[in-house]
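What follows is a short report on a single structure.
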Amino acid sequence: MPSIIPSYMYTLFASLIVGSIVICACGLSTLSVKNEAKQQQLANIAEYIATESLELTSRAKADNLTATLSLTLPPSIGDQRYWIQIKNDSSRAWVEAGFGTTPTVNQQRAYIPTEVFASGTYTSGLGAAKLECYSDGSGVYLTLSGGS
């Protein structure tokens, strides 16, 4: 009779370990799916701003024309604040996005398929994002502002 009780104890202990492993695996999987969804939403916001930038620059192609657009952006993604930055180099312009409140070099980019001088940063929070575009004899300028 004493040999039956240890086998039940070993079975109970093994079931507890297997159950813990299954629960941890499900939790990690859920966390991975949530993080992927947040990254996708951030990429969608960057694409949205690139698309709106292209539309705005196409309106402002005439000399000395200024156009302003208020962007509809969420105050946060999940429970995280994010930043959006537009930049350009000698060949093209792009929209960068990342989590946090301080812009850093990030691989999350959406390119603006037009020749434009781009600058500005938006940090999510209380304020609204504003995209301003103007053109003069030297080129088309795009500025992103707002946020807190």
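Just so we're on the same page: first chain in the structure tokens is A, next is B, and so on; residues restart at 1 for each chain, and ligands are numbered from 1 in the order they show up.
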DSSP strand (DSSP E or B) selection over chain A, as a count of residues only: 50
Residues of chain A in helix (DSSP H, G or I) according to DSSP, as a ChimeraX atom specification? /A:4-59
Report as a VMD selection string all protein, DNA and RNA residues lying within 9 Å of Thr102 in chain A, evaluated on only C-alpha atoms, omitting residues in the same chain fewer than 3 positions from it. chain A and resid 82 to 83 98 to 99 123
Between A:Gln108, A:Ser20, A:Ser53, A:Ser138, single out the one closest to Gln41 in chain A, counting only C-alpha atoms.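 Residue with the minimum atom-to-atom distance to Gln41 in chain A: A:Gln108.
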Looking at only C-alpha atoms, which of A:Asn44, A:Ser124, A:Ser29, A:Thr11 is the one that sits closest to Pro103 in chain A?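 For Pro103 in chain A, the nearest of the given residues is A:Ser124.
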By how many Å are CA of Asn88 in chain A and CA of Ile45 in chain A apart?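 Taking CA of Asn88 in chain A and CA of Ile45 in chain A, their separation equals 18.2 Å.
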Considering only C-alpha atoms, can you say which of A:Cys133, A:Leu42, A:Ala14, A:Ala97 comes closest to Thr121 in chain A?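 Among A:Cys133, A:Leu42, A:Ala14, A:Ala97, it is A:Ala97 that comes nearest to Thr121 in chain A.
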Could you check how far CA of Pro75 in chain A sits from CA of Leu142 in chain A, in Å to one decimal? 22.3 Å
Which residue, A:Cys26, A:Ile17, A:Ala67, A:Leu12, has the smallest gap to Glu52 in chain A when you use only C-alpha atoms?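 Ranking A:Cys26, A:Ile17, A:Ala67, A:Leu12 by distance to Glu52 in chain A, first place goes to A:Ala67.
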Near-Ala43 in chain A list (12 Å; only C-alpha atoms; drop same-chain fewer than 4 positions) as a ChimeraX atom specification: /A:36-39,47-50,77,82-84,95-99,106-111
Give me a file of those residues, with N, CA, C and O atoms, as a JSON list (two decimals), in the first residue's frame.
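Dumped everything to out-v3.json:
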```
[["chain", "number", "residue", "atom", "x", "y", "z"],
["A", 36, "GLU", "N", 3.06, 41.92, -32.18],
["A", 36, "GLU", "CA", 2.98, 41.97, -33.64],
["A", 36, "GLU", "C", 1.86, 42.89, -34.10],
["A", 36, "GLU", "O", 2.00, 43.65, -35.06],
["A", 37, "ALA", "N", 0.73, 42.86, -33.40],
["A", 37, "ALA", "CA", -0.39, 43.75, -33.74],
["A", 37, "ALA", "C", -0.01, 45.21, -33.51],
["A", 37, "ALA", "O", -0.37, 46.09, -34.31],
["A", 38, "LYS", "N", 0.71, 45.49, -32.44],
["A", 38, "LYS", "CA", 1.16, 46.87, -32.18],
["A", 38, "LYS", "C", 2.12, 47.35, -33.25],
["A", 38, "LYS", "O", 2.03, 48.49, -33.72],
["A", 39, "GLN", "N", 3.05, 46.49, -33.65],
["A", 39, "GLN", "CA", 3.99, 46.86, -34.71],
["A", 39, "GLN", "C", 3.26, 47.10, -36.04],
["A", 39, "GLN", "O", 3.59, 48.03, -36.78],
["A", 47, "GLU", "N", 2.39, 54.49, -42.87],
["A", 47, "GLU", "CA", 1.88, 54.46, -44.25],
["A", 47, "GLU", "C", 0.80, 55.52, -44.47],
["A", 47, "GLU", "O", 0.74, 56.15, -45.52],
["A", 48, "TYR", "N", -0.07, 55.70, -43.48],
["A", 48, "TYR", "CA", -1.12, 56.71, -43.55],
["A", 48, "TYR", "C", -0.52, 58.11, -43.70],
["A", 48, "TYR", "O", -0.95, 58.89, -44.56],
["A", 49, "ILE", "N", 0.50, 58.41, -42.92],
["A", 49, "ILE", "CA", 1.12, 59.73, -43.00],
["A", 49, "ILE", "C", 1.85, 59.90, -44.33],
["A", 49, "ILE", "O", 1.81, 60.98, -44.94],
["A", 50, "ALA", "N", 2.50, 58.85, -44.83],
["A", 50, "ALA", "CA", 3.16, 58.93, -46.13],
["A", 50, "ALA", "C", 2.14, 59.18, -47.24],
["A", 50, "ALA", "O", 2.37, 59.99, -48.15],
["A", 77, "ILE", "N", -0.87, 53.48, -28.84],
["A", 77, "ILE", "CA", -1.07, 52.17, -29.44],
["A", 77, "ILE", "C", -0.99, 51.17, -28.28],
["A", 77, "ILE", "O", 0.06, 51.01, -27.69],
["A", 82, "TYR", "N", 3.86, 56.75, -28.83],
["A", 82, "TYR", "CA", 4.71, 56.55, -30.00],
["A", 82, "TYR", "C", 5.12, 57.89, -30.58],
["A", 82, "TYR", "O", 4.59, 58.93, -30.23],
["A", 83, "TRP", "N", 6.09, 57.87, -31.48],
["A", 83, "TRP", "CA", 6.54, 59.07, -32.17],
["A", 83, "TRP", "C", 6.56, 58.80, -33.67],
["A", 83, "TRP", "O", 6.72, 57.68, -34.10],
["A", 84, "ILE", "N", 6.36, 59.88, -34.39],
["A", 84, "ILE", "CA", 6.43, 59.85, -35.86],
["A", 84, "ILE", "C", 7.38, 60.97, -36.27],
["A", 84, "ILE", "O", 7.32, 62.08, -35.73],
["A", 95, "VAL", "N", 8.89, 58.51, -43.74],
["A", 95, "VAL", "CA", 8.24, 58.65, -42.44],
["A", 95, "VAL", "C", 8.80, 57.54, -41.56],
["A", 95, "VAL", "O", 8.79, 56.38, -41.96],
["A", 96, "GLU", "N", 9.32, 57.91, -40.38],
["A", 96, "GLU", "CA", 9.81, 56.93, -39.41],
["A", 96, "GLU", "C", 8.87, 56.91, -38.23],
["A", 96, "GLU", "O", 8.31, 57.94, -37.87],
["A", 97, "ALA", "N", 8.72, 55.75, -37.61],
["A", 97, "ALA", "CA", 7.84, 55.62, -36.45],
["A", 97, "ALA", "C", 8.46, 54.65, -35.45],
["A", 97, "ALA", "O", 9.17, 53.73, -35.82],
["A", 98, "GLY", "N", 8.16, 54.90, -34.18],
["A", 98, "GLY", "CA", 8.67, 54.03, -33.13],
["A", 98, "GLY", "C", 7.93, 54.25, -31.83],
["A", 98, "GLY", "O", 7.20, 55.23, -31.67],
["A", 99, "PHE", "N", 8.13, 53.35, -30.90],
["A", 99, "PHE", "CA", 7.48, 53.47, -29.60],
["A", 99, "PHE", "C", 8.36, 54.27, -28.65],
["A", 99, "PHE", "O", 9.57, 54.26, -28.74],
["A", 106, "ASN", "N", 15.25, 54.12, -36.52],
["A", 106, "ASN", "CA", 14.30, 53.01, -36.48],
["A", 106, "ASN", "C", 14.19, 52.39, -37.87],
["A", 106, "ASN", "O", 14.33, 53.06, -38.87],
["A", 107, "GLN", "N", 13.91, 51.10, -37.91],
["A", 107, "GLN", "CA", 13.74, 50.41, -39.18],
["A", 107, "GLN", "C", 12.31, 50.52, -39.70],
["A", 107, "GLN", "O", 12.03, 50.10, -40.81],
["A", 108, "GLN", "N", 11.39, 51.03, -38.91],
["A", 108, "GLN", "CA", 9.98, 51.17, -39.30],
["A", 108, "GLN", "C", 9.86, 52.41, -40.18],
["A", 108, "GLN", "O", 9.74, 53.52, -39.69],
["A", 109, "ARG", "N", 9.90, 52.25, -41.48],
["A", 109, "ARG", "CA", 9.87, 53.38, -42.41],
["A", 109, "ARG", "C", 8.80, 53.18, -43.48],
["A", 109, "ARG", "O", 8.53, 52.07, -43.90],
["A", 110, "ALA", "N", 8.26, 54.31, -43.91],
["A", 110, "ALA", "CA", 7.37, 54.35, -45.07],
["A", 110, "ALA", "C", 7.87, 55.50, -45.94],
["A", 110, "ALA", "O", 8.02, 56.62, -45.46],
["A", 111, "TYR", "N", 8.15, 55.23, -47.18],
["A", 111, "TYR", "CA", 8.72, 56.23, -48.07],
["A", 111, "TYR", "C", 7.64, 57.08, -48.72],
["A", 111, "TYR", "O", 6.56, 56.60, -49.05]]
```
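Interatomic distance, CA of Thr101 in chain A against CA of Leu28 in chain A: 26.1 Å.
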What's around Gly146 in chain A at 12 Å? Count only C-alpha atoms, leave out sequence neighbours fewer than 4 positions away in its own chain, and write the answer as a list in words.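 Here the qualifying residues turn out to be Leu69, Ser70, Leu71, Thr72, Leu73, Pro75, Trp83, Ile84, Gln85, Gly120, Thr121, Tyr122, Thr123, Ser124, Gly125, Leu126, Gly127, Ala128, Ala129, Lys130, Leu131 and Glu132 of chain A.
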Measuring between only C-alpha atoms, which one of A:Leu65, A:Val33, A:Arg92, A:Ser7 shows the shortest distance to Tyr134 in chain A?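 Selected residue with least distance to Tyr134 in chain A: A:Leu65.
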Nearest-residue call for Ala60 in chain A, choices A:Ala93, A:Ile86, A:Val116, A:Leu144, using only C-alpha atoms: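 Nearest candidate to Ala60 in chain A out of A:Ala93, A:Ile86, A:Val116, A:Leu144: A:Val116.
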